[in-house]
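To start, the structure itself, in structure tokens.
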Amino acid sequence: MTKTYDIDIDCANCAQKVEEAVNKMDEVNSATVNFMTLKMTVDFDDSVSEKDIIKKIKKTGRKIDSDFSVE
Amino acid sequence: MKKKQKVLLARIAASIIMLIILRFTATAEIIPNRYIRFLLYLVPYMTIGYDILWKAVRGIFHGQVFDENFLMCVATIGAFALAVYKNESFTEAVAVLVFDQIGEFFESYAVGKSRKNISELMDIRPDYANVETDGRLIKTDPSKVGIGSIIAVKPGEKIPIDGVVESGSSSLDTSALTGESVPRSVKTGDEVISGCINETGLLKIRTTKAFGESTASKILDLVENSSSKKAKSEKFITKFSRVYTPAVCLSALVLGILPPVINLIAGNAANWGDWVYRALTFLVISCPCALVISIPLSFFAGIGGASRQGILVKGANYLEQLSNTKYVAFDKTGTMTKGVFKVNKIKSSIGEEKLEMYAAAAESFSTHPIAKAVRDDYIKKYGGSFKPQVADVVEIGGHGVSAKVDNVKVDVGNEKLMNGLGIKCEHADDYGTVVHVAVDGKYSGYIIISDEIKENAPLAVEKLKKIGVKKTVMLTGDRKKTADYVAEKTGVDAVYSELLPADKVEKVEELMKNKGGREIFAFAGDGINDAPVLSRADIGIAMGAMGSDAAIEAADVVLMDDDPVKIPKAIAISKKCLKIVYENIYFAIGIKLICLVLSAFGIGNMWLAIFADTGVMILAVLNAMRCLKVKNL
């Protein structure tokens, strides 16, 4: 399933790091973070619920930038 | 300004004021104890840096060693320690953090501003639709309007959903979609697309698509997703930044330890303070943010600016490649020519009106575009009261039509038809399709039907040459004579005619074999029959895509209107963007390297490092924003 979410993130470098980190998550097939439009597109396994994946992405992102949010 | 930005601004102001006050009150003469002075300076330091410190602590726990907050903390705490050790001024240690935050503030402000600029430029997203229910208009979320609903669009409003005009007439401002400033007039029965602004009259529109499938939504999706297809230079910067920060940090470590140790071994004074200071300046320069932000921003701004001109580029990679376009192949019909057949010349021995009447009548049941052109032309010239008796119609594919019109036998067709009937026909040497007419078995004349060359086609070819395209080629399925004529009029370098759709792909492959490795081969077509060629070429450019989903799907670059001059314009936009991207890469890396070298030799100081960090970023962002201005290219 591919979904696009609005995100909030502080800097371009963090956006790049978050993109890398989310791509490494087991449930995620691929992810791109667009710092200009503040959007994240995630392709994740159908076996996980959207709610769980958002939670996990948020947790991963917060480790890199404490202001990170996704919805 | 967001709340976060306001708070940051207040903190910056407060810490600057405190710094100035301390500068005059907390001097070594007034307060001799350096530890008390240190505690006093800690107040502005914490005011400006508490969040950075907190993030740094969190970063350590999460294993983010090369986190910029962490590095900034190491640099400033180090500077504090040095100041205590050497009994020097504490101003610098606090100022570094203040400037870092000013840079941070400016970054978020500039990026927010450019986001707004770009989204304003792309302001085609409709907010509501006026749906007619029981004679009343109700403002509705356009995504909730079903296909086939009647919506009303008042003057000054945006058309929210694609549809057909049910009643009313008006002129539409399509400039947000095509960059074309001349309004387009529409009347009942015309198709309209979303994103246009209704200028004069009330329009009632029956929707033919859902909101998400409408042109405006599709374009916005396309532009917003375009930056996920990353350009080579973006990938380079990603790789570079991954290496850059650790490399600078490591050199800082070496710089802070190795020279003093060597000094000690050599029996000189170690000079720890000096070398550690130099190492700390390294840490300030270690953030690659200027590069990481300015390159994607340049591409995004370029794509935004281009879309305002009616040029949709489907990815940053395509915008990058376009600048290297050396070969351009065109399809003929619909790309170089208007794709509309018109009667151009009539030669008749029985009077023009009579000849055209016979031809139009005989062809009245044919769906061939040529037959339609003759009928339309006759009705336009001589009025609509055209009701001849037509019987015994025989249509021979690839030849023509024979029929009885008002009991007279009429044969209308090409030379093959006339030869088959044993009727000698005149040879017409004009450009276009020749339709011979024989009335009652006798040759009576011919009608020439041709497709008009677009006014801008020769200009487009000329501009392509000027911009550095080596060769322009035209490919067509049309007969040689017509193709050669169009080629000559437009000035293309080569023409290949009488090609079947499959031949076109083969021809493109053949042409692509002869190009250099980095040279780009672009193909421009109207996307109707040439989808395979569009995808085979390095870059496929689809023209006249207003509302055509197939063209938007197949191509890499989509021109909203069908003006061929947009092709050199797209290349020009790409060149400008790439120039800015490289300027930023060289400038940012260059300044950083120079500052690193200067600091290593002790010529630079923390102030210089601050410039290399935030100053460069601000300049790079401002430079990147120039990519938006592409109107006059």
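Labels for the structure tokens follow display order: chains A, B, ..., residues from 1 in each chain, ligands from 1.
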For this session: Quick one: pick out all helix (DSSP H, G or I) residues within range 300-371 of chain B from a backbone DSSP run and write them as number ranges by chain.
Result: B: 300-308, 316-322, 332-336, 352-362, 369-371
Output N, CA and C atoms for every residue in that selection, as a JSON list (two decimals), in the first residue's frame.
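Heads up, here's the output in again-v6.json:
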[["chain", "number", "residue", "atom", "x", "y", "z"],
["B", 300, "PHE", "N", 13.07, 21.89, -7.47],
["B", 300, "PHE", "CA", 11.65, 22.08, -7.16],
["B", 300, "PHE", "C", 11.15, 23.42, -7.70],
["B", 301, "ALA", "N", 11.97, 24.47, -7.49],
["B", 301, "ALA", "CA", 11.59, 25.79, -7.98],
["B", 301, "ALA", "C", 11.54, 25.79, -9.50],
["B", 302, "GLY", "N", 12.49, 25.13, -10.13],
["B", 302, "GLY", "CA", 12.51, 25.05, -11.59],
["B", 302, "GLY", "C", 11.28, 24.35, -12.13],
["B", 303, "ILE", "N", 10.90, 23.24, -11.49],
["B", 303, "ILE", "CA", 9.72, 22.49, -11.92],
["B", 303, "ILE", "C", 8.47, 23.35, -11.70],
["B", 304, "GLY", "N", 8.43, 24.07, -10.57],
["B", 304, "GLY", "CA", 7.31, 24.97, -10.29],
["B", 304, "GLY", "C", 7.21, 26.09, -11.32],
["B", 305, "GLY", "N", 8.34, 26.71, -11.61],
["B", 305, "GLY", "CA", 8.36, 27.81, -12.59],
["B", 305, "GLY", "C", 7.95, 27.32, -13.97],
["B", 306, "ALA", "N", 8.45, 26.14, -14.36],
["B", 306, "ALA", "CA", 8.13, 25.59, -15.68],
["B", 306, "ALA", "C", 6.64, 25.27, -15.77],
["B", 307, "SER", "N", 6.07, 24.74, -14.71],
["B", 307, "SER", "CA", 4.67, 24.35, -14.78],
["B", 307, "SER", "C", 3.79, 25.59, -14.96],
["B", 308, "ARG", "N", 4.25, 26.71, -14.43],
["B", 308, "ARG", "CA", 3.50, 27.95, -14.61],
["B", 308, "ARG", "C", 3.51, 28.37, -16.09],
["B", 316, "ALA", "N", 12.76, 15.52, -11.30],
["B", 316, "ALA", "CA", 13.98, 16.33, -11.28],
["B", 316, "ALA", "C", 15.01, 15.73, -12.24],
["B", 317, "ASN", "N", 15.00, 14.39, -12.38],
["B", 317, "ASN", "CA", 15.95, 13.75, -13.30],
["B", 317, "ASN", "C", 15.72, 14.19, -14.74],
["B", 318, "TYR", "N", 14.44, 14.35, -15.13],
["B", 318, "TYR", "CA", 14.16, 14.79, -16.50],
["B", 318, "TYR", "C", 14.55, 16.24, -16.70],
["B", 319, "LEU", "N", 14.33, 17.06, -15.67],
["B", 319, "LEU", "CA", 14.71, 18.46, -15.77],
["B", 319, "LEU", "C", 16.22, 18.56, -15.97],
["B", 320, "GLU", "N", 16.95, 17.67, -15.28],
["B", 320, "GLU", "CA", 18.40, 17.66, -15.40],
["B", 320, "GLU", "C", 18.83, 17.22, -16.80],
["B", 321, "GLN", "N", 18.21, 16.16, -17.31],
["B", 321, "GLN", "CA", 18.60, 15.62, -18.61],
["B", 321, "GLN", "C", 18.29, 16.56, -19.76],
["B", 322, "LEU", "N", 17.18, 17.28, -19.65],
["B", 322, "LEU", "CA", 16.74, 18.17, -20.72],
["B", 322, "LEU", "C", 17.86, 19.12, -21.16],
["B", 332, "LYS", "N", 5.02, 14.77, -37.19],
["B", 332, "LYS", "CA", 4.53, 15.88, -38.02],
["B", 332, "LYS", "C", 3.13, 16.34, -37.60],
["B", 333, "THR", "N", 2.16, 15.46, -37.83],
["B", 333, "THR", "CA", 0.78, 15.87, -37.63],
["B", 333, "THR", "C", 0.48, 16.15, -36.16],
["B", 334, "GLY", "N", 0.01, 17.34, -35.88],
["B", 334, "GLY", "CA", -0.33, 17.69, -34.50],
["B", 334, "GLY", "C", 0.82, 18.29, -33.72],
["B", 335, "THR", "N", 2.05, 18.11, -34.25],
["B", 335, "THR", "CA", 3.21, 18.66, -33.55],
["B", 335, "THR", "C", 3.77, 19.84, -34.33],
["B", 336, "MET", "N", 4.15, 19.57, -35.59],
["B", 336, "MET", "CA", 4.62, 20.65, -36.45],
["B", 336, "MET", "C", 3.44, 21.31, -37.18],
["B", 352, "GLU", "N", -16.33, 26.67, -59.09],
["B", 352, "GLU", "CA", -15.87, 26.19, -57.79],
["B", 352, "GLU", "C", -16.98, 25.67, -56.91],
["B", 353, "GLU", "N", -18.10, 26.43, -56.88],
["B", 353, "GLU", "CA", -19.19, 26.05, -55.98],
["B", 353, "GLU", "C", -19.77, 24.70, -56.36],
["B", 354, "LYS", "N", -19.97, 24.52, -57.66],
["B", 354, "LYS", "CA", -20.60, 23.30, -58.14],
["B", 354, "LYS", "C", -19.71, 22.10, -57.86],
["B", 355, "LEU", "N", -18.41, 22.27, -58.14],
["B", 355, "LEU", "CA", -17.48, 21.18, -57.93],
["B", 355, "LEU", "C", -17.46, 20.76, -56.46],
["B", 356, "GLU", "N", -17.39, 21.79, -55.59],
["B", 356, "GLU", "CA", -17.30, 21.49, -54.17],
["B", 356, "GLU", "C", -18.60, 20.86, -53.67],
["B", 357, "MET", "N", -19.74, 21.32, -54.25],
["B", 357, "MET", "CA", -21.04, 20.78, -53.84],
["B", 357, "MET", "C", -21.09, 19.28, -54.17],
["B", 358, "TYR", "N", -20.66, 18.91, -55.39],
["B", 358, "TYR", "CA", -20.68, 17.50, -55.79],
["B", 358, "TYR", "C", -19.78, 16.67, -54.87],
["B", 359, "ALA", "N", -18.60, 17.22, -54.62],
["B", 359, "ALA", "CA", -17.65, 16.48, -53.78],
["B", 359, "ALA", "C", -18.20, 16.31, -52.37],
["B", 360, "ALA", "N", -18.73, 17.41, -51.83],
["B", 360, "ALA", "CA", -19.26, 17.36, -50.46],
["B", 360, "ALA", "C", -20.43, 16.39, -50.37],
["B", 361, "ALA", "N", -21.28, 16.41, -51.37],
["B", 361, "ALA", "CA", -22.46, 15.55, -51.36],
["B", 361, "ALA", "C", -22.06, 14.08, -51.44],
["B", 362, "ALA", "N", -21.15, 13.78, -52.37],
["B", 362, "ALA", "CA", -20.73, 12.39, -52.54],
["B", 362, "ALA", "C", -20.08, 11.86, -51.27],
["B", 369, "PRO", "N", -11.35, 12.13, -42.40],
["B", 369, "PRO", "CA", -11.12, 13.54, -42.06],
["B", 369, "PRO", "C", -11.10, 14.45, -43.29],
["B", 370, "ILE", "N", -10.69, 13.89, -44.43],
["B", 370, "ILE", "CA", -10.66, 14.70, -45.65],
["B", 370, "ILE", "C", -12.07, 15.00, -46.14],
["B", 371, "ALA", "N", -12.93, 13.99, -46.07],
["B", 371, "ALA", "CA", -14.32, 14.19, -46.47],
["B", 371, "ALA", "C", -14.97, 15.23, -45.56]]
Problem set entry | Members of range 80-264 of chain B assigned strand (DSSP E or B) by DSSP, as an MDAnalysis selection string | chainID B and resid 129:133 136:140 150:153 158 163:167 170:173 184:186 191:192 197:198 203:207
Go ahead and write the selection's residues with N, CA and C atoms as a short mmCIF file (atom, residue, chain, number, x, y, z; two decimals), in the first residue's frame.
data_model
loop_
_atom_site.label_atom_id
_atom_site.label_comp_id
_atom_site.auth_asym_id
_atom_site.auth_seq_id
_atom_site.Cartn_x
_atom_site.Cartn_y
_atom_site.Cartn_z
N ALA B 129 -16.87 23.59 -4.96
CA ALA B 129 -17.67 23.54 -6.17
C ALA B 129 -19.08 23.96 -5.80
N ASN B 130 -19.73 24.78 -6.66
CA ASN B 130 -21.13 25.15 -6.42
C ASN B 130 -22.01 24.10 -7.07
N VAL B 131 -22.58 23.24 -6.25
CA VAL B 131 -23.42 22.18 -6.80
C VAL B 131 -24.88 22.65 -6.79
N GLU B 132 -25.57 22.41 -7.92
CA GLU B 132 -26.96 22.83 -8.01
C GLU B 132 -27.86 21.71 -7.51
N THR B 133 -28.58 21.99 -6.43
CA THR B 133 -29.56 21.01 -5.97
C THR B 133 -30.86 21.76 -5.68
N ARG B 136 -31.02 25.49 -5.96
CA ARG B 136 -30.15 26.32 -5.13
C ARG B 136 -28.70 25.89 -5.30
N LEU B 137 -27.76 26.84 -5.11
CA LEU B 137 -26.35 26.49 -5.22
C LEU B 137 -25.78 26.23 -3.84
N ILE B 138 -25.14 25.09 -3.68
CA ILE B 138 -24.55 24.77 -2.39
C ILE B 138 -23.05 24.56 -2.57
N LYS B 139 -22.26 25.28 -1.77
CA LYS B 139 -20.81 25.12 -1.82
C LYS B 139 -20.43 23.76 -1.26
N THR B 140 -19.74 22.97 -2.07
CA THR B 140 -19.43 21.60 -1.67
C THR B 140 -17.93 21.34 -1.87
N ILE B 150 -24.28 18.70 -11.94
CA ILE B 150 -24.24 20.03 -12.55
C ILE B 150 -23.63 20.99 -11.54
N ILE B 151 -22.54 21.66 -11.95
CA ILE B 151 -21.96 22.66 -11.07
C ILE B 151 -22.00 24.02 -11.75
N ALA B 152 -22.11 25.08 -10.94
CA ALA B 152 -22.14 26.43 -11.50
C ALA B 152 -20.80 27.10 -11.17
N VAL B 153 -20.22 27.77 -12.17
CA VAL B 153 -18.98 28.50 -11.95
C VAL B 153 -19.23 29.96 -12.27
N LYS B 158 -12.66 29.57 -9.99
CA LYS B 158 -11.92 28.54 -10.69
C LYS B 158 -12.87 27.40 -11.06
N GLY B 163 -15.28 19.03 -17.18
CA GLY B 163 -16.64 18.75 -17.59
C GLY B 163 -16.97 19.38 -18.93
N VAL B 164 -18.28 19.38 -19.23
CA VAL B 164 -18.77 19.94 -20.48
C VAL B 164 -19.74 21.07 -20.13
N VAL B 165 -19.64 22.16 -20.89
CA VAL B 165 -20.53 23.30 -20.61
C VAL B 165 -21.97 22.92 -20.97
N GLU B 166 -22.84 23.00 -19.97
CA GLU B 166 -24.25 22.65 -20.17
C GLU B 166 -25.00 23.87 -20.66
N SER B 167 -24.73 25.02 -20.07
CA SER B 167 -25.30 26.26 -20.57
C SER B 167 -24.41 27.43 -20.19
N SER B 170 -18.61 32.03 -21.96
CA SER B 170 -17.69 32.86 -21.20
C SER B 170 -16.31 32.79 -21.82
N SER B 171 -15.40 33.57 -21.30
CA SER B 171 -14.01 33.37 -21.69
C SER B 171 -13.25 32.89 -20.47
N LEU B 172 -12.28 32.00 -20.73
CA LEU B 172 -11.53 31.36 -19.64
C LEU B 172 -10.09 31.81 -19.63
N ASP B 173 -9.59 32.08 -18.46
CA ASP B 173 -8.18 32.39 -18.28
C ASP B 173 -7.45 31.08 -18.01
N ARG B 184 -9.45 31.99 -23.56
CA ARG B 184 -10.07 31.05 -24.49
C ARG B 184 -11.58 31.17 -24.30
N SER B 185 -12.33 31.29 -25.43
CA SER B 185 -13.77 31.44 -25.26
C SER B 185 -14.46 30.09 -25.35
N VAL B 186 -15.46 29.89 -24.50
CA VAL B 186 -16.18 28.62 -24.50
C VAL B 186 -17.68 28.88 -24.56
N GLU B 191 -15.83 21.35 -24.09
CA GLU B 191 -15.21 20.73 -22.93
C GLU B 191 -14.38 21.77 -22.18
N VAL B 192 -14.46 21.75 -20.87
CA VAL B 192 -13.63 22.67 -20.09
C VAL B 192 -12.84 21.84 -19.07
N ILE B 197 -9.72 29.82 -14.91
CA ILE B 197 -10.55 30.78 -14.19
C ILE B 197 -11.61 31.32 -15.14
N ASN B 198 -12.85 31.27 -14.69
CA ASN B 198 -13.96 31.79 -15.48
C ASN B 198 -13.94 33.31 -15.38
N LEU B 203 -21.23 29.96 -15.94
CA LEU B 203 -21.21 28.71 -16.68
C LEU B 203 -21.83 27.61 -15.83
N LYS B 204 -22.70 26.82 -16.48
CA LYS B 204 -23.16 25.60 -15.80
C LYS B 204 -22.46 24.44 -16.47
N ILE B 205 -21.82 23.63 -15.67
CA ILE B 205 -20.97 22.57 -16.21
C ILE B 205 -21.44 21.22 -15.70
N ARG B 206 -21.56 20.26 -16.64
CA ARG B 206 -21.84 18.88 -16.24
C ARG B 206 -20.50 18.18 -16.11
N THR B 207 -20.19 17.68 -14.92
CA THR B 207 -18.87 17.11 -14.69
C THR B 207 -18.73 15.77 -15.42
#
Problem set entry | Distance in Å - CA of Arg242 in chain B versus CA of Ser228 in chain B | 19.1 Å
For this session: Specify as a ChimeraX atom specification all residues of chain A found within 6 Å of chain B, counting only C-alpha atoms.
Result: /A:12-13,63
Problem set entry | Neighbour list for range 85-102 of chain B as a PyMOL selection string, cut-off 8 Å, only C-alpha atoms, skip fewer than 2 positions in-chain | chain B and resi 8-9+12+15-16+19+23+34+38+41+44-45+48-49+72+76-77+79-83+104-106+273+606-607+610+614
